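In what follows, a single structure is set out as structure tokens and then discussed.
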Amino acid sequence: MTRVTGPDMPLFWAAFLFYLAATVGACAYAGLRSPRVRKAAYWLTVAGLAANTVALVVRSALSGHPPVTNLFEYMTFFAWATVVAFVLLWRRRGAELLTVFGAAVALGLMVIASLVPESIERQLIPALQSYWLWIHVSLAVLAEAAFAVAFVASILYLRRREGDPDRDALDDVAHRAVGIGFPLFTIGALFAGAIWAARAWGTPWSWDPKETSSLVVWLIYAAYLHVRLARRNRRAAAVISIVGFAATIFTVLGSKILGGLHAYA
Amino acid sequence: MPLAKLLLTVASLALAAWVAACTWSRIVRAARVRGPGRVAKIGSLVTHVSIIVVIAGGLWMSVAGLRRAAPAYLAAGGELEVPEGGFSVRVDEAWTEFADSGMPVEYASLVTVLEDGREVRKHRIEVNQPLLHNGVGLYQLEMLPSATTVEDAVLEVVPMGASQGVRVRAPFGQEVRVAGTALSVKVLAFYSDFTYDIERRTAALKSIRHENPAVLVQVGEAGEVVGERWVFAAFPGHEGDTTLPCRLFLADYTPDYRHGLTRFEISRQPGAPLLYAGFVAMSVGLALVFWFRVPLAGARGRKSEA
């Protein structure tokens, strides 16, 4: 049998519970502003990240390929990359609240993962048997994790009053996150995808729902950069960043609803 | 139409060339300027002009390119003319492989490229492995099981006078004895969509879809062939006009994916090099923009941090 139920699932659920506890801790920190609560939430997030990492490694070892071949694996990997990005921001001044809320985003992604089939396929369908899969999907996930950071930073930025010392830091984090995510998304999601599509389907672009919504995401973040860099309108940029992440999530999940050439993803 | 396509292609290329020339002059001017953000500005210009290049490549591809499905499914021995590339292909084999779970893991067509009837090369077309020849690509589009053979058929044989039948799995073309009787059965032919040609007074294949599957079964008794009959999956009560020593029912059959029917997509992408040049240019441009960022007021740019 090539289909097996993964022994990675207990680790998945451990990560899920750690992220849930960290999210509760983040909410408590938002009210209490106690450094001890923040630290507790941080370490719960790190514990979740450790479980998430091992779950992905176990799954890759079992399936014989990186965990990017179905929606469950994609969302679990997405959650992992998002938490890594938030944990890296831990020591950044002004990003305290941002770091603790990283677990909340990861929890949301894990909830989606928990709702879709988690079976492991050792053999891939013919369309996915290409090295472009790893390049295309891995870069897209990393880009989307950066967009998740920008999303949370933008929400917190909009909630801060003018003159708050953390406000500039949050805006800077959002801008830098988009600065990382946008090139990765352009190269990974769009270019690598187009090159792979040209090889597999005979055309680089088919106006498939996922392709079209990816282009919309790209245009939204291009607008963000223009508003942020050229017009220097930070408030509008923050709003665009939030809209961009909503479009990103739609892009990830949209093919399940709209079908198309990416219906297996 | 070809003239309109040509004009649009020339216009898009001219536009790309014009923007590229303008941008180049701006890049040269930006390079002469000293101070922070110089490289990022060049990167920004490269990024913007690359968008034009990508669009021009895409336009060229949509106007002068080609993408069409082959008109028919081909079995082994079938040939497909590709006039756009000045060649044809002959299918030598076409098959689907499955994992134990039943999931297809490979669609493959072994083809021979022919030019003026001469064999030029062989190629195995798979989903991510098209045949590229004379600027034209052949892509694996679809694969169906054979319309005229099966792996095996599960027949229910009810001897005359018996109340219960015996199930036998008969591989295609092999004689199988029916347990507990003197009977034997052999599947001689299969039609995935059976029809009767009234003019020729013979059975015929209506389509390659499995709409009305039927097997021609030869029945033997005590080592002697006693007759044959078409047996239909959709019409179990059909007896025909033969006088065989048993009644036959087609309970199930395993489609033959080892001798499949393959269908290709024919594609030509003349703008692809321009498109990929745009991709490379934009990747370089974005790297320059975000690696050598322009420090903003209030933001902690790389230089201000240093």
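Chain lettering (A, B, ...) mirrors the order of the structure tokens, residue numbering begins at 1 for each chain separately, and ligand numbering begins at 1 in order of display.
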Within 6 Å of chain A, which residues of chain B show up? Give each one with its shortest atom-to-atom distance in Å (one decimal) and the two atoms involved, counting only C-alpha atoms, rows by chain then rising residue number, as JSON lines.
```
{"residue": "B:Asp100", "atom": "CA", "partner": "A:Met1", "partner_atom": "CA", "distance": 5.5}
{"residue": "B:Val105", "atom": "CA", "partner": "A:Ile125", "partner_atom": "CA", "distance": 5.0}
{"residue": "B:Glu106", "atom": "CA", "partner": "A:Pro126", "partner_atom": "CA", "distance": 5.3}
{"residue": "B:Val127", "atom": "CA", "partner": "A:Ala200", "partner_atom": "CA", "distance": 5.7}
{"residue": "B:Asn128", "atom": "CA", "partner": "A:Ala200", "partner_atom": "CA", "distance": 4.5}
{"residue": "B:Ser267", "atom": "CA", "partner": "A:Gly202", "partner_atom": "CA", "distance": 5.6}
{"residue": "B:Ala299", "atom": "CA", "partner": "A:Asp172", "partner_atom": "CA", "distance": 5.8}
```
Dump of N, CA, C and O atoms for the selected residues, as an mmCIF file, in the first residue's frame:
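Output file selection23.cif is given in full below:
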```
data_model
loop_
_atom_site.group_PDB
_atom_site.id
_atom_site.type_symbol
_atom_site.label_atom_id
_atom_site.label_comp_id
_atom_site.auth_asym_id
_atom_site.auth_seq_id
_atom_site.Cartn_x
_atom_site.Cartn_y
_atom_site.Cartn_z
ATOM 1 N N ASP B 100 -0.472 0.998 -5.921
ATOM 2 C CA ASP B 100 -1.322 -0.023 -5.291
ATOM 3 C C ASP B 100 -2.652 0.562 -4.833
ATOM 4 O O ASP B 100 -3.660 -0.136 -4.764
ATOM 5 N N VAL B 105 0.060 6.848 -11.556
ATOM 6 C CA VAL B 105 1.353 7.466 -11.236
ATOM 7 C C VAL B 105 2.179 7.731 -12.489
ATOM 8 O O VAL B 105 3.216 8.382 -12.413
ATOM 9 N N GLU B 106 1.702 7.234 -13.632
ATOM 10 C CA GLU B 106 2.440 7.527 -14.860
ATOM 11 C C GLU B 106 1.524 7.383 -16.074
ATOM 12 O O GLU B 106 0.813 6.388 -16.211
ATOM 13 N N VAL B 127 3.932 13.460 -18.668
ATOM 14 C CA VAL B 127 3.272 14.722 -18.315
ATOM 15 C C VAL B 127 4.275 15.877 -18.209
ATOM 16 O O VAL B 127 4.020 16.960 -18.695
ATOM 17 N N ASN B 128 5.407 15.643 -17.573
ATOM 18 C CA ASN B 128 6.399 16.714 -17.444
ATOM 19 C C ASN B 128 7.552 16.557 -18.422
ATOM 20 O O ASN B 128 8.614 17.143 -18.223
ATOM 21 N N SER B 267 1.679 22.305 -29.144
ATOM 22 C CA SER B 267 1.897 23.678 -28.690
ATOM 23 C C SER B 267 3.172 24.248 -29.296
ATOM 24 O O SER B 267 4.173 23.549 -29.441
ATOM 25 N N ALA B 299 12.040 55.138 8.596
ATOM 26 C CA ALA B 299 12.268 53.689 8.518
ATOM 27 C C ALA B 299 13.721 53.407 8.819
ATOM 28 O O ALA B 299 14.602 54.199 8.519
#
```
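Taking CA of Asn134 in chain B and CA of Leu275 in chain B as endpoints, the distance between them is 19.5 Å.
Pairwise distance (CA of Val137 in chain A, CA of Ile249 in chain A) equals 14.5 Å.
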Closest of B:Ala94, B:Ala204, B:Val150, B:Val158 to His123 in chain B, counting only C-alpha atoms, is B:Ala94
Using only C-alpha atoms, which protein or nucleic acid residues come within 12 Å of Asn212 in chain B? Drop anything in the same chain fewer than 3 positions from it, and give the result as a PDB file with all heavy atoms, in the first residue's frame.
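Written out: selection_33.pdb:
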```pdb
ATOM      1  N   ALA B 147      -9.947   0.436 -26.213  1.00  0.00           N
ATOM      2  CA  ALA B 147     -11.374   0.266 -26.549  1.00  0.00           C
ATOM      3  C   ALA B 147     -11.646  -1.108 -27.136  1.00  0.00           C
ATOM      4  O   ALA B 147     -12.812  -1.478 -27.337  1.00  0.00           O
ATOM      5  CB  ALA B 147     -11.794   1.354 -27.535  1.00  0.00           C
ATOM      6  N   PHE B 190     -13.359  -7.498 -27.596  1.00  0.00           N
ATOM      7  CA  PHE B 190     -14.005  -6.552 -26.679  1.00  0.00           C
ATOM      8  C   PHE B 190     -14.288  -5.260 -27.444  1.00  0.00           C
ATOM      9  O   PHE B 190     -13.455  -4.802 -28.228  1.00  0.00           O
ATOM     10  CB  PHE B 190     -13.078  -6.263 -25.487  1.00  0.00           C
ATOM     11  CG  PHE B 190     -13.532  -5.107 -24.632  1.00  0.00           C
ATOM     12  CD1 PHE B 190     -14.577  -5.264 -23.724  1.00  0.00           C
ATOM     13  CD2 PHE B 190     -12.920  -3.866 -24.720  1.00  0.00           C
ATOM     14  CE1 PHE B 190     -15.002  -4.208 -22.939  1.00  0.00           C
ATOM     15  CE2 PHE B 190     -13.335  -2.800 -23.936  1.00  0.00           C
ATOM     16  CZ  PHE B 190     -14.382  -2.978 -23.036  1.00  0.00           C
ATOM     17  N   TYR B 191     -15.462  -4.712 -27.232  1.00  0.00           N
ATOM     18  CA  TYR B 191     -15.785  -3.374 -27.745  1.00  0.00           C
ATOM     19  C   TYR B 191     -16.269  -2.536 -26.565  1.00  0.00           C
ATOM     20  O   TYR B 191     -17.199  -2.941 -25.863  1.00  0.00           O
ATOM     21  CB  TYR B 191     -16.871  -3.427 -28.827  1.00  0.00           C
ATOM     22  CG  TYR B 191     -16.362  -3.896 -30.184  1.00  0.00           C
ATOM     23  CD1 TYR B 191     -17.216  -4.513 -31.090  1.00  0.00           C
ATOM     24  CD2 TYR B 191     -15.033  -3.709 -30.567  1.00  0.00           C
ATOM     25  CE1 TYR B 191     -16.768  -4.929 -32.339  1.00  0.00           C
ATOM     26  CE2 TYR B 191     -14.570  -4.133 -31.805  1.00  0.00           C
ATOM     27  CZ  TYR B 191     -15.436  -4.744 -32.674  1.00  0.00           C
ATOM     28  OH  TYR B 191     -14.970  -5.161 -33.892  1.00  0.00           O
ATOM     29  N   SER B 192     -15.617  -1.391 -26.359  1.00  0.00           N
ATOM     30  CA  SER B 192     -16.017  -0.545 -25.231  1.00  0.00           C
ATOM     31  C   SER B 192     -17.393   0.073 -25.458  1.00  0.00           C
ATOM     32  O   SER B 192     -18.112   0.373 -24.511  1.00  0.00           O
ATOM     33  CB  SER B 192     -14.979   0.556 -25.023  1.00  0.00           C
ATOM     34  OG  SER B 192     -14.930   1.396 -26.160  1.00  0.00           O
ATOM     35  N   ASP B 193     -17.756   0.275 -26.731  1.00  0.00           N
ATOM     36  CA  ASP B 193     -19.078   0.845 -27.056  1.00  0.00           C
ATOM     37  C   ASP B 193     -19.605   0.077 -28.265  1.00  0.00           C
ATOM     38  O   ASP B 193     -19.406   0.480 -29.419  1.00  0.00           O
ATOM     39  CB  ASP B 193     -18.942   2.343 -27.335  1.00  0.00           C
ATOM     40  CG  ASP B 193     -20.292   3.045 -27.359  1.00  0.00           C
ATOM     41  OD1 ASP B 193     -21.313   2.382 -27.099  1.00  0.00           O
ATOM     42  OD2 ASP B 193     -20.322   4.261 -27.635  1.00  0.00           O
ATOM     43  N   PHE B 194     -20.279  -1.004 -27.979  1.00  0.00           N
ATOM     44  CA  PHE B 194     -20.723  -1.937 -29.021  1.00  0.00           C
ATOM     45  C   PHE B 194     -21.874  -1.337 -29.843  1.00  0.00           C
ATOM     46  O   PHE B 194     -22.763  -0.676 -29.312  1.00  0.00           O
ATOM     47  CB  PHE B 194     -21.204  -3.231 -28.349  1.00  0.00           C
ATOM     48  CG  PHE B 194     -21.681  -4.286 -29.296  1.00  0.00           C
ATOM     49  CD1 PHE B 194     -20.836  -5.311 -29.703  1.00  0.00           C
ATOM     50  CD2 PHE B 194     -22.985  -4.279 -29.786  1.00  0.00           C
ATOM     51  CE1 PHE B 194     -21.279  -6.293 -30.572  1.00  0.00           C
ATOM     52  CE2 PHE B 194     -23.439  -5.248 -30.666  1.00  0.00           C
ATOM     53  CZ  PHE B 194     -22.578  -6.263 -31.055  1.00  0.00           C
ATOM     54  N   THR B 195     -21.802  -1.594 -31.126  1.00  0.00           N
ATOM     55  CA  THR B 195     -22.957  -1.287 -31.977  1.00  0.00           C
ATOM     56  C   THR B 195     -23.011  -2.347 -33.074  1.00  0.00           C
ATOM     57  O   THR B 195     -22.047  -3.098 -33.275  1.00  0.00           O
ATOM     58  CB  THR B 195     -22.876   0.129 -32.569  1.00  0.00           C
ATOM     59  OG1 THR B 195     -24.134   0.447 -33.184  1.00  0.00           O
ATOM     60  CG2 THR B 195     -21.767   0.249 -33.607  1.00  0.00           C
ATOM     61  N   TYR B 196     -24.139  -2.382 -33.756  1.00  0.00           N
ATOM     62  CA  TYR B 196     -24.265  -3.367 -34.828  1.00  0.00           C
ATOM     63  C   TYR B 196     -24.371  -2.631 -36.156  1.00  0.00           C
ATOM     64  O   TYR B 196     -25.245  -1.777 -36.339  1.00  0.00           O
ATOM     65  CB  TYR B 196     -25.506  -4.237 -34.608  1.00  0.00           C
ATOM     66  CG  TYR B 196     -25.566  -5.417 -35.564  1.00  0.00           C
ATOM     67  CD1 TYR B 196     -24.732  -6.516 -35.385  1.00  0.00           C
ATOM     68  CD2 TYR B 196     -26.431  -5.419 -36.650  1.00  0.00           C
ATOM     69  CE1 TYR B 196     -24.756  -7.583 -36.264  1.00  0.00           C
ATOM     70  CE2 TYR B 196     -26.467  -6.471 -37.543  1.00  0.00           C
ATOM     71  CZ  TYR B 196     -25.637  -7.552 -37.347  1.00  0.00           C
ATOM     72  OH  TYR B 196     -25.659  -8.607 -38.223  1.00  0.00           O
ATOM     73  N   ALA B 204     -19.601  -3.727 -34.413  1.00  0.00           N
ATOM     74  CA  ALA B 204     -18.666  -2.624 -34.676  1.00  0.00           C
ATOM     75  C   ALA B 204     -18.461  -1.803 -33.415  1.00  0.00           C
ATOM     76  O   ALA B 204     -19.254  -1.884 -32.461  1.00  0.00           O
ATOM     77  CB  ALA B 204     -19.211  -1.741 -35.793  1.00  0.00           C
ATOM     78  N   LEU B 205     -17.376  -1.008 -33.426  1.00  0.00           N
ATOM     79  CA  LEU B 205     -17.066  -0.125 -32.302  1.00  0.00           C
ATOM     80  C   LEU B 205     -17.661   1.243 -32.596  1.00  0.00           C
ATOM     81  O   LEU B 205     -17.313   1.882 -33.588  1.00  0.00           O
ATOM     82  CB  LEU B 205     -15.543  -0.019 -32.138  1.00  0.00           C
ATOM     83  CG  LEU B 205     -15.040   0.817 -30.979  1.00  0.00           C
ATOM     84  CD1 LEU B 205     -15.384   0.176 -29.645  1.00  0.00           C
ATOM     85  CD2 LEU B 205     -13.527   1.008 -31.083  1.00  0.00           C
ATOM     86  N   LYS B 206     -18.572   1.670 -31.726  1.00  0.00           N
ATOM     87  CA  LYS B 206     -19.242   2.952 -31.961  1.00  0.00           C
ATOM     88  C   LYS B 206     -18.361   4.125 -31.513  1.00  0.00           C
ATOM     89  O   LYS B 206     -18.262   5.145 -32.182  1.00  0.00           O
ATOM     90  CB  LYS B 206     -20.564   2.963 -31.180  1.00  0.00           C
ATOM     91  CG  LYS B 206     -21.448   4.149 -31.450  1.00  0.00           C
ATOM     92  CD  LYS B 206     -22.723   4.002 -30.658  1.00  0.00           C
ATOM     93  CE  LYS B 206     -23.588   5.246 -30.750  1.00  0.00           C
ATOM     94  NZ  LYS B 206     -24.715   5.165 -29.824  1.00  0.00           N
ATOM     95  N   SER B 207     -17.751   3.990 -30.327  1.00  0.00           N
ATOM     96  CA  SER B 207     -16.862   5.054 -29.830  1.00  0.00           C
ATOM     97  C   SER B 207     -15.839   4.424 -28.880  1.00  0.00           C
ATOM     98  O   SER B 207     -15.970   3.251 -28.508  1.00  0.00           O
ATOM     99  CB  SER B 207     -17.667   6.123 -29.090  1.00  0.00           C
ATOM    100  OG  SER B 207     -17.992   5.671 -27.795  1.00  0.00           O
ATOM    101  N   ILE B 208     -14.865   5.236 -28.466  1.00  0.00           N
ATOM    102  CA  ILE B 208     -13.834   4.693 -27.563  1.00  0.00           C
ATOM    103  C   ILE B 208     -14.258   4.815 -26.101  1.00  0.00           C
ATOM    104  O   ILE B 208     -13.559   4.345 -25.212  1.00  0.00           O
ATOM    105  CB  ILE B 208     -12.483   5.399 -27.778  1.00  0.00           C
ATOM    106  CG1 ILE B 208     -12.648   6.914 -27.611  1.00  0.00           C
ATOM    107  CG2 ILE B 208     -11.916   5.049 -29.141  1.00  0.00           C
ATOM    108  CD1 ILE B 208     -11.340   7.650 -27.619  1.00  0.00           C
ATOM    109  N   ARG B 209     -15.388   5.461 -25.851  1.00  0.00           N
ATOM    110  CA  ARG B 209     -15.904   5.567 -24.476  1.00  0.00           C
ATOM    111  C   ARG B 209     -16.511   4.227 -24.075  1.00  0.00           C
ATOM    112  O   ARG B 209     -17.019   3.502 -24.921  1.00  0.00           O
ATOM    113  CB  ARG B 209     -16.970   6.666 -24.386  1.00  0.00           C
ATOM    114  CG  ARG B 209     -16.497   8.014 -24.879  1.00  0.00           C
ATOM    115  CD  ARG B 209     -15.582   8.685 -23.895  1.00  0.00           C
ATOM    116  NE  ARG B 209     -14.923   9.845 -24.485  1.00  0.00           N
ATOM    117  CZ  ARG B 209     -13.917  10.497 -23.902  1.00  0.00           C
ATOM    118  NH1 ARG B 209     -13.471  10.115 -22.731  1.00  0.00           N
ATOM    119  NH2 ARG B 209     -13.363  11.522 -24.487  1.00  0.00           N
ATOM    120  N   VAL B 215     -18.220  -8.216 -24.573  1.00  0.00           N
ATOM    121  CA  VAL B 215     -17.125  -9.140 -24.898  1.00  0.00           C
ATOM    122  C   VAL B 215     -17.680 -10.266 -25.776  1.00  0.00           C
ATOM    123  O   VAL B 215     -18.825 -10.708 -25.611  1.00  0.00           O
ATOM    124  CB  VAL B 215     -16.473  -9.753 -23.631  1.00  0.00           C
ATOM    125  CG1 VAL B 215     -15.600  -8.743 -22.929  1.00  0.00           C
ATOM    126  CG2 VAL B 215     -17.504 -10.329 -22.686  1.00  0.00           C
ATOM    127  N   TRP B 230     -21.796 -12.588 -28.217  1.00  0.00           N
ATOM    128  CA  TRP B 230     -21.489 -11.293 -27.599  1.00  0.00           C
ATOM    129  C   TRP B 230     -22.256 -11.208 -26.291  1.00  0.00           C
ATOM    130  O   TRP B 230     -23.449 -11.485 -26.247  1.00  0.00           O
ATOM    131  CB  TRP B 230     -21.902 -10.139 -28.512  1.00  0.00           C
ATOM    132  CG  TRP B 230     -20.898  -9.864 -29.594  1.00  0.00           C
ATOM    133  CD1 TRP B 230     -20.965 -10.283 -30.886  1.00  0.00           C
ATOM    134  CD2 TRP B 230     -19.680  -9.135 -29.460  1.00  0.00           C
ATOM    135  NE1 TRP B 230     -19.860  -9.867 -31.591  1.00  0.00           N
ATOM    136  CE2 TRP B 230     -19.046  -9.148 -30.725  1.00  0.00           C
ATOM    137  CE3 TRP B 230     -19.039  -8.481 -28.411  1.00  0.00           C
ATOM    138  CZ2 TRP B 230     -17.815  -8.531 -30.953  1.00  0.00           C
ATOM    139  CZ3 TRP B 230     -17.828  -7.854 -28.643  1.00  0.00           C
ATOM    140  CH2 TRP B 230     -17.217  -7.890 -29.895  1.00  0.00           C
ATOM    141  N   VAL B 231     -21.559 -10.812 -25.232  1.00  0.00           N
ATOM    142  CA  VAL B 231     -22.173 -10.679 -23.908  1.00  0.00           C
ATOM    143  C   VAL B 231     -22.025  -9.223 -23.468  1.00  0.00           C
ATOM    144  O   VAL B 231     -20.936  -8.654 -23.537  1.00  0.00           O
ATOM    145  CB  VAL B 231     -21.471 -11.605 -22.884  1.00  0.00           C
ATOM    146  CG1 VAL B 231     -22.188 -11.540 -21.542  1.00  0.00           C
ATOM    147  CG2 VAL B 231     -21.420 -13.029 -23.402  1.00  0.00           C
ATOM    148  N   PHE B 232     -23.149  -8.646 -23.051  1.00  0.00           N
ATOM    149  CA  PHE B 232     -23.183  -7.204 -22.764  1.00  0.00           C
ATOM    150  C   PHE B 232     -23.262  -6.938 -21.265  1.00  0.00           C
ATOM    151  O   PHE B 232     -24.061  -7.568 -20.562  1.00  0.00           O
ATOM    152  CB  PHE B 232     -24.389  -6.568 -23.455  1.00  0.00           C
ATOM    153  CG  PHE B 232     -24.372  -6.749 -24.936  1.00  0.00           C
ATOM    154  CD1 PHE B 232     -24.944  -7.893 -25.513  1.00  0.00           C
ATOM    155  CD2 PHE B 232     -23.778  -5.827 -25.761  1.00  0.00           C
ATOM    156  CE1 PHE B 232     -24.926  -8.078 -26.881  1.00  0.00           C
ATOM    157  CE2 PHE B 232     -23.752  -6.012 -27.136  1.00  0.00           C
ATOM    158  CZ  PHE B 232     -24.328  -7.140 -27.695  1.00  0.00           C
ATOM    159  N   ALA B 233     -22.474  -5.983 -20.799  1.00  0.00           N
ATOM    160  CA  ALA B 233     -22.534  -5.621 -19.376  1.00  0.00           C
ATOM    161  C   ALA B 233     -23.841  -4.913 -19.061  1.00  0.00           C
ATOM    162  O   ALA B 233     -24.424  -5.109 -17.993  1.00  0.00           O
ATOM    163  CB  ALA B 233     -21.349  -4.729 -19.023  1.00  0.00           C
ATOM    164  N   ALA B 234     -24.304  -4.090 -20.010  1.00  0.00           N
ATOM    165  CA  ALA B 234     -25.496  -3.286 -19.757  1.00  0.00           C
ATOM    166  C   ALA B 234     -26.799  -4.037 -20.023  1.00  0.00           C
ATOM    167  O   ALA B 234     -27.868  -3.569 -19.622  1.00  0.00           O
ATOM    168  CB  ALA B 234     -25.431  -2.022 -20.611  1.00  0.00           C
ATOM    169  N   PHE B 235     -26.726  -5.153 -20.738  1.00  0.00           N
ATOM    170  CA  PHE B 235     -27.940  -5.906 -21.083  1.00  0.00           C
ATOM    171  C   PHE B 235     -27.768  -7.371 -20.683  1.00  0.00           C
ATOM    172  O   PHE B 235     -27.542  -8.252 -21.534  1.00  0.00           O
ATOM    173  CB  PHE B 235     -28.234  -5.794 -22.589  1.00  0.00           C
ATOM    174  CG  PHE B 235     -28.360  -4.362 -23.052  1.00  0.00           C
ATOM    175  CD1 PHE B 235     -27.307  -3.725 -23.698  1.00  0.00           C
ATOM    176  CD2 PHE B 235     -29.520  -3.643 -22.816  1.00  0.00           C
ATOM    177  CE1 PHE B 235     -27.402  -2.406 -24.103  1.00  0.00           C
ATOM    178  CE2 PHE B 235     -29.630  -2.322 -23.231  1.00  0.00           C
ATOM    179  CZ  PHE B 235     -28.560  -1.693 -23.871  1.00  0.00           C
ATOM    180  N   PRO B 236     -27.867  -7.659 -19.396  1.00  0.00           N
ATOM    181  CA  PRO B 236     -27.591  -9.027 -18.937  1.00  0.00           C
ATOM    182  C   PRO B 236     -28.590 -10.054 -19.461  1.00  0.00           C
ATOM    183  O   PRO B 236     -28.269 -11.243 -19.537  1.00  0.00           O
ATOM    184  CB  PRO B 236     -27.667  -8.912 -17.407  1.00  0.00           C
ATOM    185  CG  PRO B 236     -28.423  -7.676 -17.133  1.00  0.00           C
ATOM    186  CD  PRO B 236     -28.181  -6.745 -18.280  1.00  0.00           C
ATOM    187  N   LEU B 250     -21.818 -10.866 -18.282  1.00  0.00           N
ATOM    188  CA  LEU B 250     -20.560 -10.126 -18.064  1.00  0.00           C
ATOM    189  C   LEU B 250     -20.698  -9.367 -16.743  1.00  0.00           C
ATOM    190  O   LEU B 250     -21.367  -8.325 -16.671  1.00  0.00           O
ATOM    191  CB  LEU B 250     -20.306  -9.146 -19.228  1.00  0.00           C
ATOM    192  CG  LEU B 250     -19.074  -8.251 -19.120  1.00  0.00           C
ATOM    193  CD1 LEU B 250     -17.787  -9.061 -18.951  1.00  0.00           C
ATOM    194  CD2 LEU B 250     -18.941  -7.359 -20.364  1.00  0.00           C
TER     195      LEU B 250
END
```
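The space separating CA of Leu7 in chain B from CA of Ser283 in chain B comes to 29.7 Å.
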Enumerate the residues of range 6-185 of chain A with a DSSP assignment of helix (DSSP H, G or I), computed from the backbone, and present them as an NGL selection string.
-> :A and (9-32 or 35-63 or 71-88 or 96-114 or 126-128 or 132-159 or 165-185)
(message) Using only C-alpha atoms, which protein or nucleic acid residues come within 7 Å of Phe264 in chain B? Drop anything in the same chain fewer than 4 positions from it, and give the result as a ChimeraX atom specification.
(response) /B:69-70,138-142
Output the selection as a PDB file, in the first residue's frame - N, CA, C and O atoms for each residue.
```
ATOM      1  N   ALA B  69      -5.501  20.727 -29.164  1.00  0.00           N
ATOM      2  CA  ALA B  69      -5.507  19.295 -28.845  1.00  0.00           C
ATOM      3  C   ALA B  69      -5.494  18.517 -30.146  1.00  0.00           C
ATOM      4  O   ALA B  69      -6.081  18.947 -31.149  1.00  0.00           O
ATOM      5  N   ALA B  70      -4.783  17.406 -30.146  1.00  0.00           N
ATOM      6  CA  ALA B  70      -4.780  16.544 -31.337  1.00  0.00           C
ATOM      7  C   ALA B  70      -6.215  16.080 -31.606  1.00  0.00           C
ATOM      8  O   ALA B  70      -6.990  15.900 -30.662  1.00  0.00           O
ATOM      9  N   LEU B 138       4.894  18.456 -28.199  1.00  0.00           N
ATOM     10  CA  LEU B 138       3.765  17.528 -28.059  1.00  0.00           C
ATOM     11  C   LEU B 138       3.667  17.160 -26.588  1.00  0.00           C
ATOM     12  O   LEU B 138       4.643  16.641 -26.015  1.00  0.00           O
ATOM     13  N   TYR B 139       2.526  17.433 -25.991  1.00  0.00           N
ATOM     14  CA  TYR B 139       2.348  17.235 -24.555  1.00  0.00           C
ATOM     15  C   TYR B 139       1.329  16.130 -24.308  1.00  0.00           C
ATOM     16  O   TYR B 139       0.362  15.998 -25.058  1.00  0.00           O
ATOM     17  N   GLN B 140       1.564  15.374 -23.243  1.00  0.00           N
ATOM     18  CA  GLN B 140       0.628  14.311 -22.882  1.00  0.00           C
ATOM     19  C   GLN B 140      -0.638  14.956 -22.328  1.00  0.00           C
ATOM     20  O   GLN B 140      -0.602  15.587 -21.281  1.00  0.00           O
ATOM     21  N   LEU B 141      -1.735  14.811 -23.057  1.00  0.00           N
ATOM     22  CA  LEU B 141      -2.980  15.472 -22.655  1.00  0.00           C
ATOM     23  C   LEU B 141      -3.918  14.516 -21.939  1.00  0.00           C
ATOM     24  O   LEU B 141      -4.424  14.827 -20.857  1.00  0.00           O
ATOM     25  N   GLU B 142      -4.176  13.368 -22.536  1.00  0.00           N
ATOM     26  CA  GLU B 142      -5.141  12.422 -21.957  1.00  0.00           C
ATOM     27  C   GLU B 142      -4.715  11.003 -22.257  1.00  0.00           C
ATOM     28  O   GLU B 142      -3.965  10.752 -23.208  1.00  0.00           O
TER      29      GLU B 142
END
```
